[in-house]
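**Student:** What follows is protein_25.cif, made up of mmCIF, C-alpha atoms:
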```cif
data_target
#
loop_
_atom_site.label_atom_id
_atom_site.label_comp_id
_atom_site.auth_asym_id
_atom_site.auth_seq_id
_atom_site.Cartn_x
_atom_site.Cartn_y
_atom_site.Cartn_z
CA MET A 1285 114.76 107.63 71.63
CA THR A 1286 117.31 109.96 73.03
CA ALA A 1287 119.27 112.58 71.24
CA GLY A 1288 120.34 114.52 74.29
CA THR A 1289 118.99 115.78 77.60
CA THR A 1290 120.66 117.03 80.74
CA ALA A 1291 119.05 117.50 84.13
CA THR A 1292 120.10 119.39 87.19
CA ALA A 1293 118.05 119.81 90.28
CA ALA A 1294 116.83 123.25 89.45
CA GLY A 1295 119.40 122.22 86.74
CA PRO A 1296 119.49 120.54 82.65
CA ALA A 1297 117.61 117.50 79.40
CA THR A 1298 119.61 117.76 76.35
CA ALA A 1299 119.11 115.53 73.45
CA THR A 1300 121.40 113.88 76.59
CA ALA A 1301 120.41 114.31 80.32
CA HIS A 1302 121.99 115.49 83.58
CA ALA A 1303 120.39 115.78 86.98
CA GLY A 1304 121.39 117.61 90.15
CA PRO A 1305 120.02 119.45 93.21
CA SER A 1306 118.33 122.85 93.24
CA ARG A 1307 118.11 125.46 95.96
CA GLY A 1308 121.03 123.79 97.72
CA ARG A 1309 118.88 120.84 98.82
CA PRO A 1310 120.79 117.72 99.88
CA ALA A 1311 120.93 115.19 97.06
CA ARG A 1312 122.18 111.68 96.34
CA VAL A 1313 122.81 109.98 93.02
CA TRP A 1314 122.87 106.27 92.15
CA VAL A 1315 124.03 105.03 88.73
CA GLU A 1316 123.81 101.60 87.12
CA GLN A 1317 124.35 100.30 83.60
CA ILE A 1318 121.08 98.62 82.60
CA MET A 1319 119.40 97.97 79.25
CA GLY A 1320 122.62 98.92 77.50
CA MET A 1321 122.72 102.47 78.88
CA PRO A 1322 123.59 104.39 82.04
CA VAL A 1323 120.58 104.94 84.27
CA SER A 1324 120.91 107.43 87.12
CA VAL A 1325 118.51 108.09 89.97
CA HIS A 1326 118.77 111.51 91.61
CA VAL A 1327 117.02 112.12 94.93
CA ARG A 1328 116.57 115.34 96.89
CA GLY A 1329 115.15 115.81 100.36
CA ARG A 1330 114.74 118.44 103.02
CA ASP A 1331 117.49 116.97 105.21
CA ALA A 1332 121.01 115.74 104.56
CA GLU A 1333 120.14 112.21 105.71
CA PHE A 1334 117.78 109.92 103.82
CA GLY A 1335 115.90 107.11 105.51
CA PRO A 1336 116.41 103.43 104.65
CA ASP A 1337 113.17 103.49 102.66
CA VAL A 1338 114.95 105.60 100.04
CA ASP A 1339 117.74 103.06 99.55
CA THR A 1340 115.11 100.32 99.33
CA ALA A 1341 113.05 102.27 96.78
CA VAL A 1342 116.11 102.92 94.60
CA ALA A 1343 117.16 99.27 94.76
CA GLN A 1344 113.65 98.21 93.75
CA ALA A 1345 113.63 100.71 90.88
CA PHE A 1346 116.86 99.29 89.46
CA SER A 1347 115.59 95.75 90.04
CA HIS A 1348 112.48 96.57 88.00
CA LEU A 1349 114.62 97.80 85.11
CA ARG A 1350 116.72 94.63 85.21
CA ARG A 1351 113.56 92.52 85.06
CA VAL A 1352 112.36 94.51 82.05
CA ASP A 1353 115.71 93.95 80.36
CA ALA A 1354 115.45 90.20 80.98
CA VAL A 1355 112.09 90.18 79.17
CA PHE A 1356 112.66 92.67 76.34
CA SER A 1357 116.38 92.73 75.55
CA ALA A 1358 117.01 92.60 71.82
CA TRP A 1359 120.57 91.38 72.52
CA ARG A 1360 120.26 88.79 75.31
CA PRO A 1361 119.58 85.41 73.68
CA ASP A 1362 117.55 84.28 76.70
CA SER A 1363 115.12 87.22 76.76
CA ASP A 1364 111.46 86.47 76.19
CA LEU A 1365 111.47 88.77 73.17
CA ARG A 1366 114.36 86.94 71.49
CA ARG A 1367 112.86 83.52 72.30
CA VAL A 1368 109.52 84.55 70.78
CA ARG A 1369 111.29 85.81 67.66
CA ARG A 1370 113.09 82.47 67.27
CA GLY A 1371 109.86 80.54 67.70
CA GLU A 1372 111.04 78.88 70.91
CA LEU A 1373 108.29 80.54 72.97
CA VAL A 1374 104.75 81.47 72.03
CA GLU A 1375 103.83 84.98 73.11
CA SER A 1376 100.80 83.78 75.08
CA ALA A 1377 103.17 81.74 77.28
CA ALA A 1378 105.72 84.53 77.65
CA HIS A 1379 105.80 87.17 80.38
CA PRO A 1380 102.50 89.13 80.34
CA TRP A 1381 104.49 92.33 79.87
CA LEU A 1382 104.93 91.36 76.20
CA ALA A 1383 101.19 91.51 75.58
CA GLU A 1384 100.91 94.79 77.51
CA VAL A 1385 103.69 96.41 75.49
CA ARG A 1386 102.36 95.09 72.17
CA ALA A 1387 99.02 96.75 72.93
CA LEU A 1388 100.81 100.01 73.75
CA CYS A 1389 102.78 99.81 70.50
CA GLU A 1390 99.58 99.39 68.51
CA ARG A 1391 98.03 102.35 70.31
CA ALA A 1392 101.15 104.45 69.68
CA GLU A 1393 101.14 103.66 65.97
CA HIS A 1394 97.48 104.64 65.72
CA SER A 1395 97.90 107.85 67.77
CA THR A 1396 100.92 109.02 65.76
CA VAL A 1397 99.27 108.21 62.40
CA GLY A 1398 102.00 105.67 61.69
CA LEU A 1399 104.98 107.91 62.50
CA PHE A 1400 105.95 105.62 65.39
CA SER A 1401 105.94 101.89 64.84
CA ALA A 1402 107.35 98.83 66.56
CA THR A 1403 107.77 97.17 63.17
CA ALA A 1404 111.36 97.98 62.23
CA GLY A 1405 113.38 97.48 59.08
CA SER A 1406 112.60 97.81 55.40
CA GLY A 1407 110.98 95.64 52.78
CA GLY A 1408 110.74 91.97 53.70
CA SER A 1409 113.19 92.38 56.62
CA ARG A 1410 110.73 94.14 58.90
CA VAL A 1411 110.56 92.64 62.40
CA TYR A 1412 108.66 93.47 65.56
CA ASP A 1413 110.92 95.54 67.83
CA PRO A 1414 109.20 97.27 70.77
CA THR A 1415 112.40 98.55 72.36
CA GLY A 1416 111.76 102.12 71.18
CA LEU A 1417 108.74 102.19 73.49
CA VAL A 1418 110.00 99.94 76.27
CA LYS A 1419 112.49 102.39 77.79
CA GLY A 1420 109.92 105.03 78.73
CA TRP A 1421 107.46 102.38 79.90
CA ALA A 1422 110.14 100.72 82.03
CA VAL A 1423 111.27 103.95 83.66
CA GLU A 1424 107.69 104.80 84.58
CA GLY A 1425 107.43 101.41 86.28
CA ALA A 1426 110.69 102.01 88.13
CA ALA A 1427 109.54 105.45 89.25
CA ARG A 1428 106.50 103.95 90.96
CA HIS A 1429 108.90 102.37 93.47
CA LEU A 1430 110.57 105.73 94.12
CA ALA A 1431 107.20 107.34 94.75
CA LEU A 1432 106.71 105.00 97.73
CA ALA A 1433 109.63 106.52 99.66
CA SER A 1434 108.75 109.39 101.97
CA GLY A 1435 109.46 113.08 101.55
CA ILE A 1436 111.64 113.12 98.43
CA ALA A 1437 111.82 114.56 94.95
CA PHE A 1438 113.39 112.26 92.39
CA CYS A 1439 114.63 112.35 88.84
CA VAL A 1440 115.45 109.31 86.71
CA ASN A 1441 117.75 109.80 83.73
CA ALA A 1442 117.71 106.83 81.37
CA GLY A 1443 120.22 107.42 78.62
CA GLY A 1444 119.16 111.04 78.27
CA ASP A 1445 115.38 110.74 78.70
CA ILE A 1446 114.18 112.08 82.04
CA LEU A 1447 111.27 111.46 84.39
CA ALA A 1448 110.83 113.62 87.50
CA GLY A 1449 108.45 113.11 90.37
CA THR A 1450 107.74 113.51 94.07
CA SER A 1451 106.86 110.99 96.75
CA ARG A 1452 104.25 111.13 99.48
CA GLY A 1453 104.79 113.90 102.00
CA ALA A 1454 107.44 115.65 99.91
CA PRO A 1455 107.91 119.35 100.71
CA ASP A 1456 108.42 121.94 98.00
CA LEU A 1457 111.95 121.06 96.90
CA GLY A 1458 111.95 123.10 93.71
CA PRO A 1459 112.12 121.94 90.11
CA TRP A 1460 114.68 119.98 88.19
CA ARG A 1461 116.06 122.09 85.38
CA ILE A 1462 116.43 120.11 82.17
CA GLY A 1463 118.82 121.45 79.57
CA VAL A 1464 118.11 120.65 75.92
CA GLU A 1465 121.30 120.11 73.98
CA ASP A 1466 121.91 121.82 70.65
CA PRO A 1467 122.20 118.83 68.25
CA ARG A 1468 124.54 120.76 65.94
CA ARG A 1469 126.78 122.12 68.72
CA ARG A 1470 126.60 119.50 71.42
CA THR A 1471 128.53 121.52 74.00
CA ARG A 1472 125.78 124.16 73.92
CA ILE A 1473 122.46 124.10 75.76
CA ALA A 1474 119.78 125.37 73.39
CA ALA A 1475 116.88 125.56 75.86
CA THR A 1476 115.90 124.63 79.42
CA VAL A 1477 112.77 123.06 80.86
CA GLU A 1478 111.80 122.95 84.54
CA LEU A 1479 110.10 119.84 85.91
CA VAL A 1480 108.63 118.93 89.27
CA ASP A 1481 106.46 116.07 88.04
CA GLY A 1482 106.75 115.18 84.39
CA ALA A 1483 109.00 113.98 81.63
CA VAL A 1484 111.22 115.12 78.80
CA ALA A 1485 112.48 113.01 75.90
CA THR A 1486 114.59 113.89 72.88
CA SER A 1487 114.98 112.10 69.58
CA GLY A 1488 117.61 112.68 66.91
CA ASN A 1489 120.76 111.41 65.25
CA ALA A 1490 123.43 113.48 67.01
CA ALA A 1491 124.44 110.83 69.56
CA ARG A 1492 123.90 107.55 67.70
CA GLY A 1493 123.90 108.40 64.01
CA ALA A 1494 121.03 107.63 61.67
CA HIS A 1495 119.32 104.91 63.74
CA ILE A 1496 115.70 106.10 63.42
CA ARG A 1497 113.57 104.82 60.55
CA ASP A 1498 110.49 106.35 58.96
CA PRO A 1499 107.90 103.57 59.44
CA ARG A 1500 106.07 104.66 56.32
CA THR A 1501 109.03 103.84 54.09
CA GLY A 1502 111.33 101.74 56.24
CA GLU A 1503 114.19 104.08 55.35
CA ARG A 1504 116.48 105.73 57.87
CA VAL A 1505 115.88 109.39 58.69
CA VAL A 1506 119.13 111.02 57.62
CA ARG A 1507 119.25 114.63 58.74
CA ASP A 1508 120.49 116.91 61.49
CA GLY A 1509 118.41 118.34 64.29
CA SER A 1510 116.36 116.92 67.12
CA ALA A 1511 112.86 116.84 68.56
CA THR A 1512 112.25 117.26 72.29
CA VAL A 1513 108.87 116.60 73.90
CA THR A 1514 107.78 117.40 77.46
CA GLY A 1515 104.64 116.17 79.18
CA PRO A 1516 103.23 114.11 82.02
CA SER A 1517 104.33 110.67 80.75
CA LEU A 1518 107.83 109.61 79.70
CA LEU A 1519 106.34 106.75 77.69
CA TRP A 1520 104.37 109.15 75.52
CA ALA A 1521 106.97 111.93 75.49
CA ASP A 1522 109.44 109.43 74.01
CA ILE A 1523 106.91 108.17 71.45
CA TRP A 1524 106.05 111.69 70.33
CA ALA A 1525 109.70 112.77 70.23
CA THR A 1526 110.46 109.91 67.83
CA ALA A 1527 107.39 110.65 65.70
CA THR A 1528 108.23 114.36 65.59
CA PHE A 1529 111.79 113.72 64.47
CA VAL A 1530 110.50 111.48 61.68
CA ASP A 1531 108.03 114.12 60.38
CA PRO A 1532 107.69 117.29 62.47
CA SER A 1533 104.72 118.75 60.60
CA ALA A 1534 102.60 115.59 60.55
CA ALA A 1535 103.47 114.67 64.14
CA LEU A 1536 102.63 118.09 65.54
CA GLN A 1537 99.27 118.05 63.76
CA ALA A 1538 98.52 114.60 65.19
CA LEU A 1539 99.67 115.57 68.68
CA ARG A 1540 97.43 118.65 68.74
CA ARG A 1541 94.46 116.41 67.98
CA VAL A 1542 95.38 113.73 70.53
CA ASP A 1543 96.82 115.39 73.65
CA ALA A 1544 97.36 119.06 74.43
CA ALA A 1545 99.37 118.20 77.57
CA TYR A 1546 102.58 117.70 75.53
CA ARG A 1547 104.88 120.39 74.15
CA CYS A 1548 107.47 120.02 71.38
CA LEU A 1549 110.72 121.76 70.58
CA VAL A 1550 112.16 121.06 67.14
CA LEU A 1551 115.78 122.08 66.58
#
```
Could the structure of this file be written out as structure tokens, please?
**Tutor:**
Amino acid sequence: MTAGTTATAAGPATATAHAGPSRGRPARVWVEQIMGMPVSVHVRGRDAEFGPDVDTAVAQAFSHLRRVDAVFSAWRPDSDLRRVRRGELVESAAHPWLAEVRALCERAEHSTVGLFSATAGSGGSRVYDPTGLVKGWAVEGAARHLALASGIAFCVNAGGDILAGTSRGAPDLGPWRIGVEDPRRRTRIAATVELVDGAVATSGNAARGAHIRDPRTGERVVRDGSATVTGPSLLWADIWATATFVDPSAALQALRRVDAAYRCLVL
């Protein structure tokens, strides 16, 4: 869940994200509104002109995200998720992505010792809601299309969470510089992270108010600050950012036991 990340091509993730070119490399940006948020794809290459395979890869990446939204939207009445919730569709007959994501949610809850859960709400109103995991999973799927283009570096910014990567035959195009926003002074960049291949995700209340719940109690986490996690996978960076915002001490202990490839910044 995003609190703010910003990416520039040798440039910033805040608990919001911006992306742009580094070392003066030619860059293009595409933006679409999907899954209820702006999603931007930033591409750099050695030359000013990009081949048609780049346009195709970007179109396929956005198409993938739209397909994910059609299956998992918590707002569209015709999504598979909503139809399963209403009892109109059994999960075994729904899109196989639902079963894949449910398994990931169960793994995430186990790995984070219950600090991340797809069971939202409090008391008897708890419902299964995988959307806190779906964004990172969906962006990783979209990025696989971008990786098929030739000779580019790319950066996908989905509502402030960022995944960077390179395609086959890409030269050294330099890193994307991700700026981490100060959650208490949102015009200020508190830290920067450089990525060539990897992800950064931030969780907090600065942008959307107290929307994150502690799964152990079902109560909203009402406090300032943010948690930013960097690592190889946006799916897991986002999971650990949420868990760390819920309980920084417990999450960091769990993360050290599970995967040393991820780094956390708690503000």
**Student:** Hey, what's within 6 Å of region 1434-1440 of chain A if we count all atoms listed in the file and toss same-chain stuff fewer than 4 positions away? As a list of chain:residue names, please?
**Tutor:** A:Ser1324, A:Val1325, A:His1326, A:Val1327, A:Arg1328, A:Gly1329, A:Ile1446, A:Leu1447, A:Ala1448, A:Gly1449, A:Thr1450, A:Ser1451, A:Arg1452, A:Gly1453, A:Ala1454
**Student:** Let me make sure I understand: among A:Asp1413, A:Asp1331, A:Asp1522, A:Glu1375, which one has the smallest atom-to-atom distance to Ala1358 (chain A) if we use all atoms listed in the file?
**Tutor:**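 Counting all atoms listed in the file, the residue closest to Ala1358 (chain A) is A:Asp1413.
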**Student:** Looking at A:Val1352, A:Val1313, A:Ala1483, A:Leu1373, which one is nearest to Val1338 (chain A), with distances taken over all atoms listed in the file?
**Tutor:**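 Under the stated criterion, the closest residue is A:Val1313.
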**Student:** Of the candidates A:Gly1398, A:Gly1509, A:Gly1444, A:Pro1455, which shows the shortest atom-to-atom distance to Asn1489 (chain A), using only C-alpha atoms?
**Tutor:** A:Gly1509
**Student:** When you look at region 1510-1515 of chain A with a cut-off of 6 Å (counting all atoms listed in the file), what residues show up, excluding the ones that are within fewer than 2 positions of it in the same chain? I need them as a PyMOL selection string.
**Tutor:** chain A and resi 1482-1488+1517+1521+1525+1529+1545-1551
**Student:** Env of Phe1346 (chain A): 8 Å cut, atoms = all atoms listed in the file, seq-sep filter 4 positions within chain, self excluded. Answer as a list of chain:residue names.
**Tutor:**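 Neighbouring residues, sequence-local ones excluded: A:Glu1316, A:Val1342, A:Arg1350, A:Ala1426.
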**Student:** Report as a list in words the full result of the PyMOL selection byres ((chain A and resi 1322) around 12) when it is applied to this structure.
**Tutor:**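 Those residues are Thr1300, Ala1301, His1302, Trp1314, Val1315, Glu1316, Gln1317, Ile1318, Met1319, Gly1320, Met1321, Val1323, Ser1324, Val1325, Phe1346, Leu1349, Val1440, Asn1441, Ala1442, Gly1443, Gly1444 and Asp1445 of chain A.
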**Student:** On this structure, which residues satisfy the PyMOL selection byres ((chain A and resi 1500) around 12), written as a list of chain:residue names?
**Tutor:**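 With the shown file as input, the PyMOL selection byres ((chain A and resi 1500) around 12) matches A:Glu1393, A:Thr1396, A:Val1397, A:Gly1398, A:Leu1399, A:Phe1400, A:Ser1401, A:Ala1402, A:Thr1403, A:Ala1404, A:Gly1405, A:Ser1406, A:Gly1407, A:Arg1410, A:Arg1497, A:Asp1498, A:Pro1499, A:Thr1501, A:Gly1502, A:Glu1503, A:Arg1504, A:Val1505, A:Ala1527, A:Val1530, A:Asp1531.
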**Student:** Taking into account only C-alpha atoms, which residue in the set A:Thr1471, A:Thr1415, A:Thr1528, A:Ser1409 is nearest to Asp1353 (chain A)?
**Tutor:**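 Among the listed residues, the smallest separation from Asp1353 (chain A) belongs to A:Thr1415.
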**Student:** To test the calculation: enclose all listed atoms of region 1431-1439 of chain A in a box whose edges run along x, y and z, add 8 Å on each side, then state centre and edge lengths in Å to one decimal, as AutoDock Vina command-line options.
**Tutor:**
```
--center_x 110.7 --center_y 109.8 --center_z 95.4 --size_x 23.9 --size_y 25.6 --size_z 29.1
```
**Student:** Just to confirm, what's the straight-line distance from CA of Leu1518 (chain A) to CA of Val1355 (chain A) in Å (one decimal)?
**Tutor:**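 Rounded to one decimal, the two atoms are 19.9 Å apart.
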**Student:** Give me, please, the distance in Å between CA of Leu1430 (chain A) and CA of Ala1341 (chain A), quoted to one decimal.
**Tutor:**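 Between these atoms lies a distance of 5.0 Å.
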**Student:** Report, in Å with one decimal, the straight-line distance from CA of Arg1507 (chain A) to CA of Ile1523 (chain A).
**Tutor:**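 If I compute the distance from CA of Arg1507 (chain A) to CA of Ile1523 (chain A), I get 18.9 Å.
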